[in-house]
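Enquirer: Okay, so here is final21.txt, and as you'll see once you scroll down, it has compact mmCIF, C-alpha atoms.
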```txt
# COMPACT_ATOMS: atom_id res chain seq x y z
CA MET U 14 -31.06 -121.16 -77.46
CA GLU U 15 -34.34 -119.39 -76.94
CA PHE U 16 -36.06 -119.10 -73.64
CA ASP U 17 -39.68 -119.90 -73.06
CA PHE U 18 -41.09 -118.96 -69.71
CA THR U 19 -44.71 -119.93 -70.47
CA PRO U 20 -44.42 -123.35 -68.72
CA VAL U 21 -43.15 -121.53 -65.64
CA VAL U 22 -46.22 -119.29 -65.73
CA THR U 23 -48.47 -122.32 -66.22
CA TYR U 24 -46.99 -124.20 -63.29
CA PHE U 25 -46.55 -121.14 -61.08
CA PRO U 26 -49.29 -122.23 -58.64
CA THR U 27 -47.40 -125.52 -58.12
CA LEU U 28 -44.23 -123.59 -57.39
CA LEU U 29 -46.09 -121.36 -54.95
CA LYS U 30 -47.39 -124.47 -53.20
CA GLY U 31 -43.77 -125.57 -52.95
CA VAL U 32 -42.85 -122.21 -51.41
CA GLY U 33 -45.69 -122.74 -48.92
CA VAL U 34 -44.41 -126.17 -47.88
CA GLY U 35 -40.85 -124.82 -47.66
CA THR U 36 -42.01 -121.92 -45.49
CA LEU U 37 -43.93 -124.25 -43.20
CA VAL U 38 -40.87 -126.49 -42.82
CA ALA U 39 -38.63 -123.49 -42.21
CA ILE U 40 -40.88 -122.04 -39.50
CA VAL U 41 -41.22 -125.35 -37.65
CA VAL U 42 -37.49 -126.02 -37.95
CA ALA U 43 -36.60 -122.50 -36.78
CA PHE U 44 -38.76 -122.90 -33.69
CA MET U 45 -37.52 -126.42 -33.00
CA SER U 46 -33.84 -125.64 -33.51
CA ILE U 47 -33.82 -122.45 -31.42
CA VAL U 48 -35.83 -123.81 -28.48
CA GLY U 49 -34.13 -127.20 -28.67
CA GLY U 50 -30.70 -125.65 -29.07
CA LEU U 51 -31.24 -123.50 -26.00
CA ILE U 52 -32.37 -126.47 -23.91
CA VAL U 53 -29.44 -128.60 -25.12
CA ALA U 54 -27.00 -125.77 -24.35
CA VAL U 55 -28.36 -125.15 -20.84
CA ILE U 56 -28.39 -128.85 -19.99
CA SER U 57 -24.91 -129.46 -21.36
CA ILE U 58 -23.46 -126.55 -19.36
CA TYR U 59 -25.26 -126.86 -16.03
CA THR U 60 -25.54 -130.62 -15.45
CA ASN U 61 -23.10 -133.42 -14.68
CA LYS U 62 -20.84 -135.07 -17.22
CA VAL U 63 -23.02 -138.15 -17.63
CA VAL U 64 -25.74 -136.00 -19.18
CA SER U 65 -23.63 -133.34 -20.86
CA TRP U 66 -21.07 -135.50 -22.67
CA PRO U 67 -23.56 -137.43 -24.81
CA LEU U 68 -25.18 -134.09 -25.72
CA ARG U 69 -21.84 -132.57 -26.69
CA PHE U 70 -21.06 -135.69 -28.69
CA PHE U 71 -24.26 -135.24 -30.67
CA ILE U 72 -23.58 -131.55 -31.25
CA TRP U 73 -20.12 -132.47 -32.51
CA LEU U 74 -21.45 -135.32 -34.69
CA PHE U 75 -24.12 -133.15 -36.33
CA MET U 76 -21.63 -130.37 -36.98
CA THR U 77 -18.94 -132.52 -38.58
CA THR U 78 -21.09 -134.60 -40.95
CA PRO U 79 -23.05 -133.29 -43.94
CA LEU U 80 -26.78 -132.63 -43.75
CA LEU U 81 -27.62 -134.90 -46.68
CA LEU U 82 -25.97 -137.91 -45.03
CA GLN U 83 -27.92 -137.25 -41.82
CA LEU U 84 -31.14 -136.98 -43.82
CA TYR U 85 -30.54 -140.29 -45.58
CA PHE U 86 -29.72 -141.90 -42.24
CA LEU U 87 -32.91 -140.62 -40.63
CA TYR U 88 -35.00 -141.41 -43.70
CA PHE U 89 -33.89 -145.02 -43.97
CA GLY U 90 -33.28 -145.49 -40.24
CA LEU U 91 -36.71 -144.30 -39.15
CA GLY U 92 -38.32 -145.96 -42.14
CA GLU U 93 -37.30 -149.31 -40.70
CA TRP U 94 -39.32 -148.75 -37.53
CA ILE U 95 -42.35 -146.73 -38.46
CA LEU U 96 -43.99 -145.38 -41.57
CA ILE U 97 -43.71 -141.61 -41.38
CA PRO U 98 -44.15 -139.02 -44.11
CA ALA U 99 -41.04 -137.52 -45.70
CA ILE U 100 -41.90 -134.04 -44.47
CA VAL U 101 -41.64 -135.19 -40.82
CA VAL U 102 -38.26 -136.79 -41.52
CA GLY U 103 -37.18 -133.59 -43.25
CA ILE U 104 -38.25 -131.41 -40.33
CA LEU U 105 -36.55 -133.71 -37.81
CA GLY U 106 -33.34 -133.94 -39.85
CA LEU U 107 -33.03 -130.24 -40.55
CA GLY U 108 -34.18 -129.47 -37.01
CA PHE U 109 -31.52 -131.64 -35.36
CA HIS U 110 -28.83 -130.33 -37.70
CA TYR U 111 -29.49 -126.69 -36.87
CA MET U 112 -30.26 -127.53 -33.24
CA ALA U 113 -26.62 -128.59 -32.96
CA TYR U 114 -25.39 -125.39 -34.61
CA ASN U 115 -27.62 -123.20 -32.43
CA ALA U 116 -26.65 -125.09 -29.27
CA ASP U 117 -23.01 -124.40 -30.12
CA ILE U 118 -23.79 -120.67 -30.32
CA PHE U 119 -25.81 -120.68 -27.10
CA ILE U 120 -23.03 -122.49 -25.23
CA ALA U 121 -20.61 -119.75 -26.24
CA THR U 122 -22.96 -116.88 -25.36
CA ILE U 123 -24.12 -118.39 -22.05
CA LYS U 124 -20.48 -118.72 -21.04
CA SER U 125 -19.87 -115.11 -22.10
CA VAL U 126 -22.40 -113.80 -19.56
CA SER U 127 -20.32 -112.53 -16.65
CA ASN U 128 -20.16 -114.70 -13.55
CA GLY U 129 -20.99 -111.63 -11.46
CA GLN U 130 -24.53 -111.80 -12.82
CA TYR U 131 -24.95 -115.27 -11.38
CA GLU U 132 -23.44 -114.31 -8.03
CA ALA U 133 -25.49 -111.12 -7.72
CA SER U 134 -28.68 -112.94 -8.53
CA ARG U 135 -27.97 -115.72 -6.03
CA SER U 136 -27.19 -113.16 -3.34
CA LEU U 137 -30.55 -111.49 -4.04
CA GLY U 138 -32.30 -114.75 -3.26
CA PHE U 139 -32.84 -116.38 -6.66
CA GLY U 140 -32.35 -120.14 -6.72
CA HIS U 141 -29.85 -121.88 -9.01
CA TRP U 142 -32.27 -122.74 -11.83
CA ASN U 143 -34.26 -119.52 -11.43
CA THR U 144 -31.02 -117.57 -11.90
CA ILE U 145 -30.25 -119.51 -15.05
CA LEU U 146 -33.77 -119.12 -16.40
CA TYR U 147 -34.44 -115.44 -15.56
CA ILE U 148 -30.98 -113.87 -15.48
CA ILE U 149 -28.46 -115.77 -17.56
CA VAL U 150 -30.50 -117.16 -20.47
CA PRO U 151 -32.26 -113.90 -21.48
CA GLN U 152 -28.94 -112.05 -21.67
CA ALA U 153 -27.32 -114.89 -23.60
CA PHE U 154 -30.25 -115.08 -26.00
CA ILE U 155 -30.05 -111.39 -26.90
CA ARG U 156 -26.34 -111.75 -27.54
CA SER U 157 -26.81 -114.71 -29.85
CA ILE U 158 -29.38 -113.04 -32.12
CA PRO U 159 -26.90 -112.02 -34.88
CA GLN U 160 -25.45 -115.52 -35.20
CA LEU U 161 -28.88 -117.14 -34.90
CA GLY U 162 -30.02 -114.97 -37.79
CA ASN U 163 -27.11 -116.17 -39.93
CA ASN U 164 -27.94 -119.78 -39.09
CA MET U 165 -31.59 -119.33 -39.94
CA ILE U 166 -30.71 -117.82 -43.32
CA LEU U 167 -28.49 -120.83 -44.01
CA MET U 168 -31.31 -123.08 -42.85
CA VAL U 169 -33.83 -121.59 -45.28
CA LYS U 170 -31.38 -122.22 -48.12
CA ASP U 171 -30.89 -125.79 -46.90
CA THR U 172 -34.61 -126.55 -47.14
CA SER U 173 -33.89 -127.10 -50.85
CA VAL U 174 -31.83 -130.18 -49.90
CA LEU U 175 -34.96 -131.80 -48.45
CA SER U 176 -36.18 -132.48 -51.98
CA ALA U 177 -33.58 -135.29 -52.05
CA ILE U 178 -35.71 -137.33 -49.64
CA GLY U 179 -38.98 -136.31 -51.28
CA VAL U 180 -40.28 -133.37 -49.25
CA ALA U 181 -42.59 -131.44 -51.57
CA GLU U 182 -40.84 -128.06 -51.29
CA LEU U 183 -39.90 -125.68 -54.11
CA VAL U 184 -37.26 -127.77 -55.92
CA TYR U 185 -39.27 -130.96 -55.60
CA ALA U 186 -42.45 -129.23 -56.76
CA SER U 187 -40.70 -128.18 -59.96
CA GLN U 188 -39.56 -131.72 -60.84
CA TYR U 189 -42.84 -132.77 -62.42
CA ALA U 190 -43.23 -129.51 -64.31
CA ILE U 191 -39.66 -129.81 -65.62
CA SER U 192 -40.11 -133.40 -66.74
CA VAL U 193 -43.27 -132.40 -68.64
CA SER U 194 -42.07 -129.14 -70.17
CA PHE U 195 -38.34 -129.93 -70.71
CA ARG U 196 -37.44 -126.43 -69.57
CA PRO U 197 -35.07 -127.00 -66.61
CA PHE U 198 -33.10 -123.80 -67.12
CA GLU U 199 -36.11 -121.48 -66.93
CA PHE U 200 -37.54 -123.27 -63.89
CA PHE U 201 -34.29 -123.32 -61.94
CA ILE U 202 -33.65 -119.65 -62.75
CA VAL U 203 -37.09 -118.76 -61.35
CA ILE U 204 -36.47 -120.95 -58.30
CA ALA U 205 -33.11 -119.27 -57.72
CA ILE U 206 -34.77 -115.84 -57.98
CA MET U 207 -37.43 -116.91 -55.46
CA TYR U 208 -34.77 -118.07 -53.00
CA TYR U 209 -32.83 -114.87 -53.57
CA VAL U 210 -35.87 -112.70 -52.79
CA ILE U 211 -36.64 -114.72 -49.64
CA ASN U 212 -32.99 -114.42 -48.66
CA ILE U 213 -32.95 -110.65 -49.09
CA LEU U 214 -36.14 -110.31 -47.06
CA MET U 215 -34.61 -112.41 -44.30
CA GLU U 216 -31.43 -110.33 -44.33
CA LEU U 217 -33.51 -107.16 -43.95
CA GLY U 218 -35.43 -108.79 -41.11
CA GLN U 219 -32.20 -109.80 -39.43
CA ALA U 220 -30.79 -106.28 -39.69
CA TRP U 221 -34.03 -104.86 -38.23
CA LEU U 222 -33.97 -107.34 -35.35
CA GLU U 223 -30.34 -106.53 -34.61
CA ARG U 224 -31.11 -102.80 -34.52
CA GLN U 225 -34.05 -103.41 -32.19
CA THR U 226 -31.99 -105.43 -29.73
CA ALA U 227 -28.69 -103.56 -30.07
CA TYR U 228 -29.20 -101.44 -26.94
CA ARG U 229 -29.58 -104.55 -24.77
CA ARG U 230 -26.36 -106.13 -25.86
CA MET O 12 -26.86 -155.51 -55.23
CA ARG O 13 -25.03 -157.24 -58.03
CA GLY O 14 -21.96 -155.34 -59.07
CA TRP O 15 -21.84 -153.23 -55.97
CA GLY O 16 -19.47 -155.59 -54.23
CA VAL O 17 -21.72 -156.26 -51.27
CA VAL O 18 -23.47 -159.58 -51.00
CA ARG O 19 -25.33 -160.44 -47.85
CA GLU O 20 -26.23 -164.10 -47.79
CA ASN O 21 -27.39 -165.26 -44.39
CA ASN O 22 -29.21 -162.39 -42.85
CA ASN O 23 -30.38 -164.54 -39.95
CA SER O 24 -26.97 -164.88 -38.34
CA ASN O 25 -27.00 -161.20 -37.50
CA GLN O 26 -30.48 -161.04 -36.04
CA GLY O 27 -30.66 -159.48 -32.63
CA LYS O 28 -27.20 -157.94 -32.77
CA ALA O 29 -26.91 -154.23 -32.25
CA MET O 30 -24.43 -153.74 -35.07
CA ASP O 31 -23.41 -155.91 -37.99
CA PHE O 32 -19.63 -155.65 -37.87
CA ASN O 33 -19.05 -158.00 -40.78
CA LEU O 34 -21.04 -155.68 -43.00
CA MET O 35 -19.10 -152.69 -41.72
CA VAL O 36 -15.81 -154.37 -42.67
CA GLU O 37 -17.25 -155.34 -46.04
CA VAL O 38 -18.39 -151.85 -47.04
CA THR O 39 -15.32 -149.99 -45.80
CA PRO O 40 -13.24 -150.41 -49.01
CA LEU O 41 -16.16 -149.15 -51.11
CA LEU O 42 -16.64 -146.15 -48.90
CA ILE O 43 -12.91 -145.39 -48.83
CA ARG O 44 -12.89 -145.32 -52.63
CA ALA O 45 -15.90 -142.99 -52.55
CA ALA O 46 -14.21 -140.82 -49.92
CA TRP O 47 -11.32 -140.25 -52.33
CA VAL O 48 -13.81 -138.84 -54.84
CA THR O 49 -15.10 -136.47 -52.14
CA ILE O 50 -11.54 -135.38 -51.37
CA ASP O 51 -10.81 -135.01 -55.09
CA ILE O 52 -13.85 -132.82 -55.80
CA SER O 53 -13.40 -130.70 -52.69
CA SER O 54 -9.70 -130.06 -53.15
CA ARG O 55 -10.13 -129.10 -56.80
CA ALA O 56 -13.06 -126.84 -55.98
CA ILE O 57 -11.06 -125.13 -53.23
CA PHE O 58 -8.05 -124.73 -55.55
CA PHE O 59 -10.04 -123.16 -58.40
CA GLY O 60 -12.29 -121.32 -55.97
CA PHE O 61 -9.27 -119.50 -54.61
CA PHE O 62 -8.57 -118.03 -58.06
CA VAL O 63 -12.23 -117.06 -58.47
CA ALA O 64 -12.05 -115.37 -55.08
CA CYS O 65 -8.86 -113.47 -55.94
CA GLY O 66 -10.46 -112.38 -59.21
CA LEU O 67 -13.52 -111.10 -57.37
CA VAL O 68 -11.40 -109.21 -54.84
CA PHE O 69 -9.42 -107.69 -57.72
CA LEU O 70 -12.59 -106.66 -59.60
CA GLN O 71 -13.85 -104.86 -56.51
CA THR O 72 -10.80 -102.58 -56.47
CA PHE O 73 -11.69 -101.12 -59.89
CA ARG O 74 -12.51 -97.46 -60.08
CA PHE O 75 -15.03 -98.12 -62.91
CA GLY O 76 -18.44 -98.59 -61.26
CA PRO O 77 -20.11 -101.31 -63.38
CA ILE O 78 -17.20 -103.75 -62.86
CA ARG O 79 -17.42 -103.29 -59.10
CA TRP O 80 -21.22 -103.67 -59.22
CA PHE O 81 -20.85 -106.85 -61.23
CA ALA O 82 -18.58 -108.36 -58.60
CA ARG O 83 -20.83 -107.23 -55.73
CA GLY O 84 -23.93 -108.54 -57.52
CA TYR O 85 -22.29 -111.86 -58.28
CA ILE O 86 -21.27 -112.35 -54.65
CA SER O 87 -24.71 -111.35 -53.42
CA VAL O 88 -26.53 -113.72 -55.80
CA ILE O 89 -24.26 -116.68 -55.07
CA ARG O 90 -24.56 -116.15 -51.33
CA GLY O 91 -28.30 -115.58 -51.57
CA THR O 92 -29.25 -118.76 -53.42
CA PRO O 93 -28.83 -122.38 -52.27
CA TYR O 94 -25.78 -124.27 -53.51
CA PHE O 95 -28.15 -127.12 -54.28
CA VAL O 96 -30.19 -125.00 -56.70
CA GLN O 97 -27.01 -123.66 -58.34
CA LEU O 98 -25.88 -127.23 -58.91
CA LEU O 99 -29.20 -128.27 -60.46
CA LEU O 100 -29.33 -125.11 -62.56
CA VAL O 101 -25.91 -125.70 -64.11
CA PHE O 102 -26.26 -129.46 -64.50
CA TYR O 103 -29.82 -129.73 -65.81
CA GLY O 104 -30.30 -126.21 -67.13
CA GLY O 105 -26.81 -125.81 -68.57
CA PRO O 106 -27.40 -127.86 -71.76
CA SER O 107 -30.15 -125.48 -72.90
CA ILE O 108 -27.65 -122.61 -72.99
CA GLY O 109 -24.97 -124.80 -74.55
CA LEU O 110 -23.12 -125.71 -71.36
CA ARG O 111 -22.68 -129.48 -71.24
CA LEU O 112 -20.61 -130.72 -68.29
CA ASP O 113 -20.11 -134.21 -66.98
CA PRO O 114 -21.24 -134.61 -63.36
CA LEU O 115 -17.76 -134.53 -61.82
CA THR O 116 -16.69 -131.39 -63.69
CA CYS O 117 -20.02 -129.77 -62.88
CA GLY O 118 -19.46 -130.47 -59.18
CA VAL O 119 -15.99 -128.93 -59.28
CA VAL O 120 -17.03 -125.90 -61.35
CA VAL O 121 -20.13 -125.05 -59.31
CA GLY O 122 -18.24 -125.70 -56.09
CA ALA O 123 -15.41 -123.40 -57.17
CA PHE O 124 -17.70 -120.57 -58.26
CA ASN O 125 -19.77 -120.98 -55.10
CA ILE O 126 -16.91 -121.02 -52.61
CA GLY O 127 -15.16 -118.27 -54.60
CA ALA O 128 -17.89 -115.80 -53.66
CA TYR O 129 -17.71 -116.68 -49.95
CA MET O 130 -13.91 -116.75 -50.01
CA SER O 131 -13.62 -113.35 -51.65
CA GLU O 132 -15.58 -111.88 -48.75
CA ALA O 133 -13.24 -113.58 -46.27
CA ILE O 134 -10.14 -112.35 -48.11
CA ARG O 135 -11.47 -108.80 -48.47
CA GLY O 136 -12.43 -108.75 -44.80
CA SER O 137 -9.01 -109.83 -43.65
CA ILE O 138 -7.22 -107.33 -45.91
CA GLU O 139 -9.44 -104.52 -44.68
CA SER O 140 -8.85 -105.47 -41.06
CA VAL O 141 -5.15 -104.63 -41.39
CA ASP O 142 -4.59 -101.17 -39.93
CA LYS O 143 -4.56 -98.47 -42.61
CA GLY O 144 -1.52 -96.88 -40.96
CA GLN O 145 0.54 -99.88 -42.06
CA SER O 146 0.02 -99.29 -45.76
CA GLU O 147 0.30 -95.51 -45.37
CA ALA O 148 3.62 -95.91 -43.56
CA ALA O 149 4.86 -98.32 -46.23
CA ARG O 150 3.85 -95.92 -49.03
CA SER O 151 5.56 -93.00 -47.32
CA LEU O 152 8.74 -95.10 -46.96
CA GLY O 153 8.79 -95.50 -50.72
CA PHE O 154 7.17 -98.89 -51.30
CA GLY O 155 5.06 -99.12 -54.45
CA LYS O 156 1.40 -100.10 -54.35
CA ILE O 157 2.06 -103.73 -55.30
CA ARG O 158 4.99 -104.11 -52.92
CA THR O 159 3.01 -102.55 -50.07
CA MET O 160 0.36 -105.17 -50.69
CA GLY O 161 2.82 -108.04 -51.03
CA TYR O 162 5.30 -107.23 -48.27
CA ILE O 163 3.27 -105.32 -45.70
CA VAL O 164 -0.48 -105.89 -45.90
CA LEU O 165 -0.85 -109.50 -47.10
CA PRO O 166 1.53 -111.08 -44.57
CA GLN O 167 -0.44 -109.42 -41.79
CA ALA O 168 -3.78 -110.37 -43.31
CA ALA O 169 -2.65 -113.96 -43.90
CA SER O 170 -3.22 -115.23 -40.39
CA LEU O 171 -6.84 -114.04 -40.35
CA MET O 172 -7.36 -115.17 -43.92
CA ILE O 173 -6.16 -118.72 -43.31
CA ARG O 174 -8.60 -119.29 -40.47
CA SER O 175 -11.66 -117.90 -42.26
CA VAL O 176 -10.84 -119.56 -45.59
CA GLY O 177 -10.27 -122.78 -43.66
CA VAL O 178 -13.77 -122.68 -42.17
CA LEU O 179 -15.13 -122.25 -45.71
CA ALA O 180 -13.08 -125.22 -46.88
CA ILE O 181 -14.71 -127.38 -44.20
CA VAL O 182 -18.15 -126.14 -45.25
CA LEU O 183 -17.28 -127.01 -48.85
CA VAL O 184 -16.26 -130.56 -47.90
CA LYS O 185 -19.63 -131.02 -46.24
CA ASN O 186 -21.48 -129.37 -49.14
CA SER O 187 -19.74 -131.70 -51.58
CA SER O 188 -22.23 -134.32 -50.40
CA LEU O 189 -24.87 -132.49 -52.47
CA VAL O 190 -22.99 -133.46 -55.63
CA SER O 191 -24.42 -136.94 -55.10
CA ILE O 192 -27.71 -135.56 -56.46
CA ILE O 193 -26.19 -135.24 -59.93
CA SER O 194 -24.97 -138.85 -59.60
CA VAL O 195 -21.30 -138.37 -58.81
CA VAL O 196 -20.29 -141.50 -56.91
CA GLU O 197 -18.88 -139.79 -53.85
CA LEU O 198 -19.17 -140.66 -50.18
CA THR O 199 -22.81 -139.70 -49.59
CA TYR O 200 -23.97 -141.25 -52.87
CA GLN O 201 -22.22 -144.50 -52.06
CA ALA O 202 -23.56 -144.45 -48.51
CA GLN O 203 -27.11 -143.87 -49.72
CA ARG O 204 -26.81 -146.68 -52.27
CA LEU O 205 -25.44 -149.07 -49.66
CA ILE O 206 -28.14 -148.16 -47.15
CA GLY O 207 -30.72 -148.76 -49.85
CA SER O 208 -29.31 -152.18 -50.72
CA THR O 209 -28.47 -153.50 -47.25
CA TYR O 210 -31.11 -151.79 -45.07
CA LYS O 211 -28.50 -151.27 -42.37
CA PRO O 212 -28.53 -147.46 -41.98
CA LEU O 213 -26.71 -147.36 -38.65
CA GLU O 214 -23.68 -149.36 -39.81
CA ILE O 215 -23.26 -147.49 -43.08
CA PHE O 216 -23.85 -144.13 -41.41
CA THR O 217 -21.22 -144.88 -38.77
CA ILE O 218 -18.53 -145.70 -41.32
CA SER O 219 -19.31 -142.85 -43.72
CA ALA O 220 -19.68 -140.31 -40.89
CA LEU O 221 -16.30 -141.47 -39.59
CA MET O 222 -14.79 -140.76 -43.00
CA TYR O 223 -16.25 -137.28 -43.16
CA ILE O 224 -14.94 -136.65 -39.65
CA ILE O 225 -11.45 -137.83 -40.68
CA ILE O 226 -11.51 -135.56 -43.75
CA VAL O 227 -12.75 -132.57 -41.74
CA TYR O 228 -10.09 -133.09 -39.08
CA ALA O 229 -7.40 -133.45 -41.74
CA VAL O 230 -8.48 -130.10 -43.22
CA MET O 231 -8.43 -128.57 -39.74
CA GLY O 232 -4.91 -129.92 -39.22
CA ILE O 233 -3.71 -128.40 -42.49
CA ILE O 234 -5.26 -125.03 -41.54
CA GLU O 235 -3.54 -125.14 -38.16
CA LEU O 236 -0.15 -125.88 -39.75
CA ALA O 237 -0.60 -123.09 -42.28
CA TYR O 238 -1.67 -120.73 -39.50
CA ARG O 239 1.44 -121.53 -37.45
CA ARG O 240 3.64 -121.00 -40.48
CA ALA O 241 1.97 -117.68 -41.28
CA THR O 242 2.35 -116.41 -37.73
CA ARG O 243 5.82 -117.81 -37.01
CA TYR O 244 7.42 -114.35 -36.78
CA THR O 245 4.64 -112.63 -34.88
CA THR O 246 4.85 -112.21 -31.15
CA GLN O 247 1.75 -112.74 -29.09
```
Would you mind writing the file's structure down as structure tokens?
Expert:
Amino acid sequence: MEFDFTPVVTYFPTLLKGVGVGTLVAIVVAFMSIVGGLIVAVISIYTNKVVSWPLRFFIWLFMTTPLLLQLYFLYFGLGEWILIPAIVVGILGLGFHYMAYNADIFIATIKSVSNGQYEASRSLGFGHWNTILYIIVPQAFIRSIPQLGNNMILMVKDTSVLSAIGVAELVYASQYAISVSFRPFEFFIVIAIMYYVINILMELGQAWLERQTAYRR
Amino acid sequence: MRGWGVVRENNNSNQGKAMDFNLMVEVTPLLIRAAWVTIDISSRAIFFGFFVACGLVFLQTFRFGPIRWFARGYISVIRGTPYFVQLLLVFYGGPSIGLRLDPLTCGVVVGAFNIGAYMSEAIRGSIESVDKGQSEAARSLGFGKIRTMGYIVLPQAASLMIRSVGVLAIVLVKNSSLVSIISVVELTYQAQRLIGSTYKPLEIFTISALMYIIIVYAVMGIIELAYRRATRYTTQ
């Protein structure tokens, strides 16, 4: 058992390309899941049951079934209708999955904003939707930052699962190099270290963001 | 399709229908068998993971620094890297350091060591959330260290612990789908294979999602029962 990290050094640019694709996916998914989750939460709280129940059903469905199953469903399901690249399927799958988780958080935090805020704002002349948009949602958003941060850290780790449907992120990028060099252990150790570093950076970022917004909570 | 138990002969009879119910009935036995594998892997991983977690909690009580640092570092690394990568590392990378595991064992072992790290944090958190006055009072009344833990602190921590460990158990059941990557024939693997052979993603997804939902709700039921039993003497 001797280790040989030279193939890893040789294929390091490929791995970095994989990190790039993973980062791109993560950024798009973060944006999509936070904005989408907020919209889903607001709609499912403030509209009638005909609209809100299907939304809650989808939140529940995405939260109780595993990500990989959803990805396979989207991959084969969408593949029947249109030809779309794996990366789009990956972004949509991961995006919907975490949209459901984020919506669940937003529903809880929107409900935690005191009803007095709504009443005061209405009495000052804000309309119903203006109150929601300018008074309720900003307060709820600040309160959900810690949990959103946790979800986004989980999401970055879950980008590795996308390699199962052929998205060219870090794990997938290493497949060719591993099959050529026969050094799976060294490659996966390096990949794990890369994820660990990204994870630590994200945790630091989350702590910083929480400190910055603490006084508003 | 041969050997997988599903043969679809006249595709035309189902054209235009929203859902192919015959197919759904046909694949259900296969998916139930696969669901048992999911339950098997998850329950074993939770069982062994509990011991890993207890070990990690115990190591963190040591006075000797390096042992504590080892436990902290282990927890940090496991929580900081994807479960998926851990699985691939042990399954494909393991043989080069002399660790040869069959897929099922690998799934259980990695699952146990993964959930152990998360669980140890949950257990430590719930023990620390018990008021310090409780253990001080018990010590001053003459209880030993072990008895204070066993009779005073743990029963109070149990209710919190059950809920947070239960959430982790549900996460583990869902994460067990990743074991399909190392070709364990569990629910997601079977579902993916059936989707690939029948090209009916909606039908297969419905049945397999239903099974995951049943498993998750069963776990939630068990947690609720355990929680009620742990809090039967407490007054709200």
Enquirer: Tell me, as a PyMOL selection string, which residues lie within 10 Å of stretch 181-196 of chain U, counting all atoms listed in the file; anything in the same chain fewer than 4 positions away does not count.
Expert: (chain U and resi 16-21+23-38+99-100+172-177+200-201+204-205+207-208) or (chain O and resi 95-96+99+103-104+107)
Enquirer: Would you give me, as a PyMOL selection string, the residues of chain O that come within 10 Å of chain U, using all atoms listed in the file?
Expert: chain O and resi 87-109+181-189+191-192+198-200+202-204+206-207+210-217+219-228
Enquirer: Taking 5 positions as the minimum chain separation for residues in the same chain, which residues sit within 9 Å of U:Gln130 when counting all atoms listed in the file? Answer as a list in words.
Expert: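 The neighbour list is Arg135, Thr144, Ile148 and Ile149 of chain U.
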Enquirer: Write the selection just made, keeping C-alpha atoms, as a compact mmCIF listing (two decimals), in the frame of the given file?
Expert:
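Listed below is the output, part31.txt:
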```
# COMPACT_ATOMS: atom_id res chain seq x y z
CA ARG U 135 -27.97 -115.72 -6.03
CA THR U 144 -31.02 -117.57 -11.90
CA ILE U 148 -30.98 -113.87 -15.48
CA ILE U 149 -28.46 -115.77 -17.56
```
Enquirer: Around (-4.1, -120.8, -38.1) in the file's frame, which residues reach within 8 Å when counting only C-alpha atoms? Return as number ranges by chain?
Expert: O: 170-171, 173-174, 234-239, 241-242
Enquirer: For atom CA of O:Cys117 and atom CA of O:Val195, determine how far apart the two atoms are, in Å to one decimal place.
Expert: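 Pair atom CA of O:Cys117 / atom CA of O:Val195 returns 9.6 Å.
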Enquirer: Using Å and a single decimal, report how far atom CA of O:Val119 sits from atom CA of O:Ala56.
Expert: 4.9 Å
Enquirer: Taking 4 positions as the minimum chain separation for residues in the same chain, which residues sit within 9 Å of U:Lys124 when counting only C-alpha atoms? Answer as a list in words.
Expert: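 Listing them by chain and then by number gives Ile58, Phe119, Ile120, Asn128 and Ala153 of chain U.
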Enquirer: Quote the spacing between atom CA of O:Ala180 and atom CA of O:Leu67 in Å to one decimal place.
Expert: 17.6 Å
Enquirer: If you count all atoms listed in the file, which residues fall within 7 Å of U:Gln219, apart from same-chain ones fewer than 4 positions away, as an NGL selection string?
Expert: :U and (162 or 215 or 223)
Enquirer: Which residues are close to stretch 125-132 of chain O, i.e. within 8 Å by all atoms listed in the file, leaving aside same-chain residues fewer than 4 positions away? Reply as a list in words.
Expert: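 Everything that qualifies: Ala56, Ile57, Gly60, Phe61, Phe62, Val63, Ala64, Cys65, Leu67, Val68, Tyr85, Ile86, Ile89, Arg90, Tyr94, Val121, Gly136, Val176, Leu179 and Leu183 of chain O.
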Enquirer: Hey, can you spit out that residue selection with C-alpha atoms as a short mmCIF file (atom, residue, chain, number, x, y, z; two decimals), keeping the file's coordinate frame?
Expert:
```cif
data_model
loop_
_atom_site.label_atom_id
_atom_site.label_comp_id
_atom_site.auth_asym_id
_atom_site.auth_seq_id
_atom_site.Cartn_x
_atom_site.Cartn_y
_atom_site.Cartn_z
CA ALA O 56 -13.06 -126.84 -55.98
CA ILE O 57 -11.06 -125.13 -53.23
CA GLY O 60 -12.29 -121.32 -55.97
CA PHE O 61 -9.27 -119.50 -54.61
CA PHE O 62 -8.57 -118.03 -58.06
CA VAL O 63 -12.23 -117.06 -58.47
CA ALA O 64 -12.05 -115.37 -55.08
CA CYS O 65 -8.86 -113.47 -55.94
CA LEU O 67 -13.52 -111.10 -57.37
CA VAL O 68 -11.40 -109.21 -54.84
CA TYR O 85 -22.29 -111.86 -58.28
CA ILE O 86 -21.27 -112.35 -54.65
CA ILE O 89 -24.26 -116.68 -55.07
CA ARG O 90 -24.56 -116.15 -51.33
CA TYR O 94 -25.78 -124.27 -53.51
CA VAL O 121 -20.13 -125.05 -59.31
CA GLY O 136 -12.43 -108.75 -44.80
CA VAL O 176 -10.84 -119.56 -45.59
CA LEU O 179 -15.13 -122.25 -45.71
CA LEU O 183 -17.28 -127.01 -48.85
#
```
